[in-house]
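**Student:** To be precise about what I am sending: the file is called upload36.pdb and holds PDB, C-alpha atoms and all ligand atoms.
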```pdb
ATOM      1  CA  MET A 265     119.060 139.689 153.633
ATOM      2  CA  PRO A 266     115.481 139.029 152.653
ATOM      3  CA  ASN A 267     112.970 137.214 154.784
ATOM      4  CA  TYR A 268     111.063 134.290 153.422
ATOM      5  CA  ASP A 269     107.838 132.906 154.761
ATOM      6  CA  PHE A 270     107.527 129.186 155.019
ATOM      7  CA  GLY A 271     104.720 126.900 156.024
ATOM      8  CA  CYS A 272     105.111 123.447 157.511
ATOM      9  CA  LYS A 273     102.918 120.830 155.902
ATOM     10  CA  GLN A 274     103.137 118.605 158.945
ATOM     11  CA  CYS A 275     101.966 120.977 161.656
ATOM     12  CA  ASN A 276     100.797 123.935 159.570
ATOM     13  CA  TYR A 277     103.147 126.209 161.453
ATOM     14  CA  GLU A 278     104.185 129.312 159.563
ATOM     15  CA  PHE A 279     107.586 130.758 160.158
ATOM     16  CA  GLU A 280     109.937 133.274 158.723
ATOM     17  CA  VAL A 281     113.482 132.513 157.661
ATOM     18  CA  LYS A 282     116.098 135.098 156.967
ATOM     19  CA  MET A 283     118.571 133.896 154.391
ATOM     20  CA  SER A 284     120.261 134.882 151.195
ATOM     21  CA  LEU A 285     119.038 133.809 147.806
ATOM     22  CA  LYS A 286     121.979 131.436 147.542
ATOM     23  CA  GLU A 287     121.167 129.816 150.865
ATOM     24  CA  LYS A 288     117.574 129.488 149.784
ATOM     25  CA  GLU A 289     118.599 127.733 146.589
ATOM     26  CA  GLU A 290     120.774 125.338 148.525
ATOM     27  CA  ASN A 291     118.192 124.767 151.200
ATOM     28  CA  PRO A 292     114.708 125.367 149.776
ATOM     29  CA  ASN A 293     113.020 123.493 152.618
ATOM     30  CA  PRO A 294     114.264 124.804 155.959
ATOM     31  CA  LYS A 295     113.455 122.902 159.098
ATOM     32  CA  CYS A 296     110.222 123.701 160.843
ATOM     33  CA  PRO A 297     111.116 125.287 164.191
ATOM     34  CA  GLN A 298     108.045 123.791 165.793
ATOM     35  CA  CYS A 299     108.060 120.123 164.837
ATOM     36  CA  GLY A 300     111.504 119.853 163.259
ATOM     37  CA  GLY A 301     110.052 118.510 160.043
ATOM     38  CA  THR A 302     111.504 119.377 156.683
ATOM     39  CA  ASP A 303     108.280 119.042 154.765
ATOM     40  CA  THR A 304     108.025 122.772 154.354
ATOM     41  CA  LYS A 305     107.205 125.019 151.482
ATOM     42  CA  GLN A 306     107.553 128.684 150.814
ATOM     43  CA  VAL A 307     104.447 130.749 151.387
ATOM     44  CA  PHE A 308     103.811 133.750 149.205
ATOM     45  CA  LYS A 309     101.785 136.191 151.189
ATOM     46  CA  THR A 310      99.433 138.548 149.462
ATOM     47  CA  MET A 311     101.301 141.572 148.282
ATOM     48  CA  GLN A 312      99.917 145.065 148.120
ATOM     49  CA  PHE A 313      98.741 145.846 144.640
ATOM     50  CA  ASN A 314      97.952 149.488 145.291
ATOM     51  CA  LYS A 315     100.746 150.721 143.089
ATOM     52  CA  SER A 316      99.859 148.647 140.070
ATOM     53  CA  SER A 317      96.098 148.992 140.452
ATOM     54  CA  SER A 318      96.223 152.512 138.987
ATOM     55  CA  LYS A 319      97.249 151.016 135.667
ATOM     56  CA  THR A 320      94.177 148.855 135.479
ATOM     57  CA  PRO A 321      90.845 150.661 135.552
ATOM     58  CA  PRO A 322      88.274 149.238 137.931
ATOM     59  CA  ALA A 323      85.775 146.975 136.283
ATOM     60  CA  CYS A 324      82.378 148.490 135.799
ATOM     61  CA  PRO A 325      79.607 145.910 135.959
ATOM     62  CA  ASN A 326      77.182 148.229 134.131
ATOM     63  CA  ALA A 327      79.422 148.908 131.172
ATOM     64  CA  VAL A 328      79.536 145.964 128.857
ATOM     65  CA  GLY A 329      80.709 147.436 125.594
ATOM     66  CA  ARG A 330      79.146 150.820 126.390
ATOM     67  CA  GLN A 331      79.550 153.709 128.745
ATOM     68  CA  CYS A 332      77.745 153.692 131.992
ATOM     69  CA  GLY A 333      78.705 157.299 132.700
ATOM     70  CA  SER A 334      78.069 157.116 136.398
ATOM     71  CA  CYS A 335      81.023 155.327 137.874
ATOM     72  CA  PRO A 336      84.695 156.210 138.449
ATOM     73  CA  ALA A 337      85.645 153.786 135.708
ATOM     74  CA  ALA A 338      83.607 155.678 133.097
ATOM     75  CA  ASN A 339      86.676 157.544 131.818
ATOM     76  CA  PHE A 340      88.288 154.288 130.845
ATOM     77  CA  HIS A 341      85.451 152.887 128.776
TER
HETATM   78 ZN    ZN B 401     106.115 121.714 161.621
END
```
Would you mind writing the file's structure down as structure tokens?
Ligand SMILES: [Zn+2]
**Tutor:**
Amino acid sequence: MPNYDFGCKQCNYEFEVKMSLKEKEENPNPKCPQCGGTDTKQVFKTMQFNKSSSKTPPACPNAVGRQCGSCPAANFH
């Protein structure tokens, strides 16, 4: 079962809820364990983009429409 991160808008408490996708659909705003409020929303934490970053060459600030020839991104220009 996946874990979901939620944040409480009332007390700013962040908590993790383990539930199935079906449970999440039925109950998209779980109770805040700290204040008991239901004004919660899912928090999407920053994922690691290491895997996909290889597809996109790093931006070279010196190469605007031309080769700079001196940076790791030169091969992609
Ligand atoms: Zn709360």
**Student:** Let me see if you get this right: every residue at most 7 Å from ligand ZN 401 (chain B), counting all atoms listed in the file, written as a ChimeraX atom specification.
**Tutor:** /A:272-277,296-301
**Student:** Assuming the chain letters and numbering stay as they are in my file, what does the PyMOL selection byres (((chain A and resi 267) around 7) and not hetatm) actually select? List them as a count of residues only.
**Tutor:** 8
**Student:** For each of A:Thr302, A:Thr310, A:Asn291, A:Ser284, take the minimum atom-to-atom distance to Gly271 of chain A, counting only C-alpha atoms, then give the residue where this is smallest.
**Tutor:** A:Thr302
**Student:** Counting all atoms listed in the file, which residues have an atom no more than 10 Å from (112.7, 126.6, 149.6) in the file's coordinates? Please list them as a count of residues only.
**Tutor:** 16
**Student:** Draw an axis-aligned box over all listed atoms of segment 269-286 of chain A, pad each side with 4 Å, and write its centre and edge lengths in Å, one decimal, as JSON.
**Tutor:**
```
{"center_x": 111.4, "center_y": 126.9, "center_z": 154.6, "size_x": 29.2, "size_y": 24.5, "size_z": 22.1}
```
